[in-house]
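One structure is given below, encoded as C-alpha cells.
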Amino acid sequence: MTPFVRFLWPWLALAIVFAGVPQIFSSGSALTMMSVMGEMIIFALSFNMLLGQTGLLSFGHAVYFGLGGFVAIHAMNALIHAKAGVPIVVMPLVGGAAGLAFGLLFGFISTKRAGLVFSMISLGLGELVSSSSFVLRSFFGGEEGITTNRTKLAPFFGHRFGSQIEVYYLVAVWCFLCIAAMYALTRTPFGRMCNAVRENGERVEYVGYSAQTIRFIAFSFASFFAGIAGGLTAINFEIMNSQQLGAQQSALVLLMSYIGGVGYFAGPIVGAIVITFLQISLSDVTDVWQLYLGLLFIGFVLFAPGGIVGWLMLHRDAMLKRGLWGLAPAYAMVAPALAASFIGAVMLIELAERELALARSEGSAMRLFGFAVDAASLAPWSIALILFCGGVGATWLLWPRVTDAWDAVNVRLTARTQAWASPSR
Amino acid sequence: MLEIVIFSTLNGVLYGMLLFMLASGLTLVFSMMGVLNFAHASFYMLGAYFGFEISRHFGFWPGFVLAPLLVGGIGVLVERFGLRRLHRLGHVSELLFTFGLAFVIEEVVQMIWGKLPVDYQTPPSLDFVAFRLFDTTYPAYRMFMLITAVAMFATLLLVLTKTRVGLIIQAALTHPDMVAMLGHDVPRLFMVVFGAGAALAGLAGVIAGPALVTQPSMAALLGPILFVVIVVGGLGSLTGAFVASLLIGIVQTFAVAMNFSLSGLFGPVAPPLLGDLWQVTVAQLAPILPYLLLVTMLIFRPTGLIGKRES
C-alpha cells in the first residue's frame, strides 16, 4: 500500500458507509435516527476539540449548538419571507457562523482561565444564555420555540428536502466534511499545540506560545462546528426551543464524548452513535432511561476512563502482540458474574420504578424481560437482589484473575521489547 | 418603600446565608482535595427530600436532626468508594464523577418522589407571625431559618479556629503532606470533611425545603449559582465565599422586588430596535443577575473578590 492509498482508504470507507446505510436501514424512523446521529457526531467531535484535544472541560457547549440552530432557523424564516434564492444546503454554514460569533464573544471571557475555573465559567455562561432565553421571547420563542418549514426554501438542483432521505444525505455530507475538517485540524501544528496546552500550559508559554490564545482559537473552532451541528438540527426538526441550548443538552454531549472515549479522535463518533441509539430505543422501553444513562456514565468514569474506543484500543494492542487469547479464560469467568449483576441492577431499577412511581396509577403488575411479574410481591425482588449481590460479589472475587491476565500480557509486551532492544541482538 | 428595603434586606441576608451554608462546604472540600463537587447541590436536595419524608412520619424536628446525618452518611460513602479511588486519575475524573452523581441523584429523586413539587410544610410550632411592620408580616419560620444559618456559621467558625480538629483541617488545606507526616490520617480527614460538607448542605435543604419549593429541579437550579458564588468569591477562600453569598443573596432579592424596565424609564419613545429588551423588568432579570455578575467579575478581576489561587 502506498502512503497515499493508506491515507485515503479510511475516508473512502467512511464515505461508502455514509452513502450506503440508508440502503440497509431504510425505514423512516431509522433515517431520522441516523440524521440525529450525524448531527450529534459533529456536536460531540466539536466538544472533544475542547475536552480531548485542549483539555478544556466545558459544561455549556450546547450554547453554541443552540444559538447556531436559532440563528439558522431565523435566517431560514427570513429567506422564506424574502423569497430569496438561497438553497437550504448552505444553512448549516449560517449556524456555524453564528456559533463562531458567539464563541468569539464568550470565548474571549471564558478562555482567560483554564482548568476548573474554565469549567465553572462555561457553566455560568450556559446558565446565563439559557435563563436569558425565557426573557428574550421574540428571539427564542418562549416555551413553544421557533418553527420553520424547510421545503419553502429555494430548491437545490430540484431537491426540496421534503423527505427524510434527502435530509439524511444533507446531514451525511455535512457530517463527512466536518469530520474531515476536524481531523485535519488535529494534524496541523495548531492541533499539536492544543495537545501541548492540554498536557502542560506552562511549558507552552516557555516555548513562546500564548496558552490563552491557543485556548481561545480552539474554543472558537469548537463553537463553529457546534453551530453547524445546531443548524443541521434546526433543518432536521424544523423547530428550535430553549431546551436545545440548556444544561441537559450540554450534559448529553459530555456523556456522549466521554462514553465514546475522549482520548481518541473516533471516540466521540462512537459515543454519539451509541448514545443516540440508546436514547431513542431505550426511551420506548423504559421511563427511566436517563437514570441508566447516568449510571452508565458513572460506570465508565470509575472503571473505564478511556471510554469504549479506549477499551477497544487496549485490546487491539493485546491482539497485535498475540496476547488476546491469554485474556479469554479470565473474561469468560467474569462475564457471567458481570451479566448477573447487570440484569439484577436493571430488575431492581425497573421494580422500584414500578412500585414507587407507577403502582398507584397503573397497578403493580408489569412485564420484566418478557415475564409477567407483580412488583408488589416478594419473589421478583428477591431474585433481583440475589442476582445483583451475587453478581457484584462474584465480580469482585474474580476480578483479580483479569488483572493477572493483563499483567501477563504486559509482561510479554515488555519482555519482547527488551529482547529487541538488548545490545546482544 | 422602607418596608420593601427592610424586608428585602432580611430575605436577602437569609438567602445569602443559605447559599453560604452550601458554599462553605464546597469551598472547604475544594481547597482540601482540589475537587469541585458538582453533586453538592444534590446533597442539598436530598436533605430537603429526606426531611420531607421523615416529617411525614415522625414530624419536622426528627427530620431536622436525622436528615442532615443521613446526607452526611451518603457523603462519606461517596468519598470513600467513589472519589478516593479516582484520586490518582486526576481532578477532571473526580469532577466528572460528581457530575454523573448529580445526574443520577436527580433521576432517582424523580423516580421516588415524582416530578412535581412535594408538599413539605412548615412545622405548626413555627407557623406564626414573627413581627409586623407597616401592614406586612414576617413569618417566624424565616426567622428560624436565619437563626439556624447564623448559628451554623458561628459553629463552623468556632470549630475551624478554636478546636484541635479545626486546626488540623486548616493545616491540611495548605500542607496535606506535612499533616500526614505528623501522624494524622489525611484521607480520613478528607472523608470527614466531605461528609460534614454534605451534612451542612443537607441541613440547608431541610430548613429551605418548606420555605422554598421542594422539587427535583431544585439542585439544578441552585447548583450553578453556587459555583458563581465560589468563583466570584475567589476559589478556595471561605471569606470570599461568605461575602459573595451575601452579595448575590441581597442583589437577587432586591432585583425581584423591583419593577422597572427600560421602556418604563424612557416612556413610549423607546426605539423598537431591541424588541423585548425594552420591556424586560428588573424582576425578570433576577435569575440572570448572578451570571452577569460572574461575567463582569471575570472581565475586571479574574481571580475573584478574595482569590489568589491560580489553577
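Residue names in the C-alpha cells use chain letters A, B, ... in the order shown, residue numbers from 1 in each chain, and ligand numbers from 1 in the order shown.
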Contacts between chain A and chain B, please, where a residue of chain B counts if it comes within 6 Å (with only C-alpha atoms); show its shortest atom pair and distance in Å to one decimal, rows by chain and ascending number, as a Markdown table.
```
| residue | atom | partner | partner_atom | distance |
| --- | --- | --- | --- | --- |
| B:Phe97 | CA | A:Ile298 | CA | 5.9 |
| B:Gly100 | CA | A:Ile298 | CA | 5.6 |
| B:Phe103 | CA | A:Gly294 | CA | 5.9 |
| B:Val104 | CA | A:Gly294 | CA | 5.3 |
| B:Glu107 | CA | A:Leu291 | CA | 5.5 |
| B:Ile112 | CA | A:Leu356 | CA | 5.6 |
| B:Asp276 | CA | A:Leu136 | CA | 5.7 |
| B:Ile288 | CA | A:Leu128 | CA | 5.8 |
| B:Tyr291 | CA | A:Leu128 | CA | 5.5 |
```
Problem - Distance query Thr214 in chain B at most 10 Å, only C-alpha atoms, self and fewer than 6 positions along chain excluded, as a PyMOL selection string - result: chain B and resi 45-46+48-49+52+116-121+205-206+208
Practice task
Might you pull out every residue within 9 Å of Gly191 in chain A, with only C-alpha atoms counted and same-chain residues fewer than 4 positions away left off, and present them as a PyMOL selection string?
Solution key: chain A and resi 53-54+184-187+195-196+218
Handout entry: DSSP strand (DSSP E) residues within range 26-211 of chain B, listed as a PyMOL selection string
Key = chain B and resi 129-133+136-139
Residues from last step as file, N, CA and C atoms, as a short mmCIF file (atom, residue, chain, number, x, y, z; two decimals), in the first residue's frame:
```cif
data_model
loop_
_atom_site.label_atom_id
_atom_site.label_comp_id
_atom_site.auth_asym_id
_atom_site.auth_seq_id
_atom_site.Cartn_x
_atom_site.Cartn_y
_atom_site.Cartn_z
N VAL B 129 -46.70 34.45 63.06
CA VAL B 129 -46.10 35.67 62.56
C VAL B 129 -45.06 36.16 63.56
N ALA B 130 -43.85 36.41 63.08
CA ALA B 130 -42.79 36.84 63.99
C ALA B 130 -42.97 38.30 64.38
N PHE B 131 -43.10 39.15 63.37
CA PHE B 131 -43.36 40.56 63.68
C PHE B 131 -44.08 41.19 62.49
N ARG B 132 -44.57 42.37 62.73
CA ARG B 132 -45.38 43.06 61.74
C ARG B 132 -44.81 44.46 61.57
N LEU B 133 -44.68 44.87 60.32
CA LEU B 133 -44.08 46.19 60.07
C LEU B 133 -44.88 46.84 58.94
N THR B 136 -47.11 44.69 56.81
CA THR B 136 -46.54 43.49 56.20
C THR B 136 -46.02 42.58 57.31
N THR B 137 -46.31 41.29 57.19
CA THR B 137 -45.89 40.38 58.25
C THR B 137 -44.67 39.60 57.82
N TYR B 138 -43.93 39.17 58.81
CA TYR B 138 -42.76 38.34 58.52
C TYR B 138 -42.91 37.03 59.26
N PRO B 139 -42.91 35.90 58.54
CA PRO B 139 -43.18 34.62 59.19
C PRO B 139 -42.06 34.19 60.14
#
```
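Of the listed residues (B:Phe134, B:Ile207, B:Gln110, B:Met178), B:Ile207 comes nearest to Ile147 in chain B; the distances count only C-alpha atoms.
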Handout entry: Shell around range 158-164 of chain B at 12 Å using only C-alpha atoms, local window under 3 positions removed, as a VMD selection string
Key = chain B and resid 24 28 151 to 155 167 to 173 184 193 196 238
Put those residues in a file: C-alpha atoms, as a PDB file, in the first residue's frame.
```pdb
ATOM      1  CA  SER B  24     -18.724  26.804  52.756  1.00  0.00           C
ATOM      2  CA  LEU B  28     -13.597  23.551  52.165  1.00  0.00           C
ATOM      3  CA  ALA B 151     -25.766  29.530  64.419  1.00  0.00           C
ATOM      4  CA  MET B 152     -24.233  27.141  61.915  1.00  0.00           C
ATOM      5  CA  PHE B 153     -21.935  29.877  60.668  1.00  0.00           C
ATOM      6  CA  ALA B 154     -20.776  30.627  64.222  1.00  0.00           C
ATOM      7  CA  THR B 155     -20.235  26.933  64.933  1.00  0.00           C
ATOM      8  CA  LEU B 167      -6.518  23.481  63.303  1.00  0.00           C
ATOM      9  CA  ILE B 168      -5.624  20.153  61.683  1.00  0.00           C
ATOM     10  CA  ILE B 169      -8.146  20.845  58.921  1.00  0.00           C
ATOM     11  CA  GLN B 170      -6.664  24.300  58.366  1.00  0.00           C
ATOM     12  CA  ALA B 171      -3.196  22.809  58.220  1.00  0.00           C
ATOM     13  CA  ALA B 172      -4.336  20.116  55.806  1.00  0.00           C
ATOM     14  CA  LEU B 173      -5.742  22.803  53.492  1.00  0.00           C
ATOM     15  CA  HIS B 184      -2.680  12.340  61.102  1.00  0.00           C
ATOM     16  CA  VAL B 193     -14.728  16.993  55.852  1.00  0.00           C
ATOM     17  CA  ALA B 196     -19.544  17.258  57.097  1.00  0.00           C
ATOM     18  CA  LEU B 238     -14.014  30.977  52.808  1.00  0.00           C
TER      19      LEU B 238
END
```
Practice task
For CA of Val171 in chain A and CA of Glu143 in chain A, determine how far apart the two atoms are, in Å to one decimal place.
Solution key: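 Rounded to one decimal, the two atoms are 26.9 Å apart.
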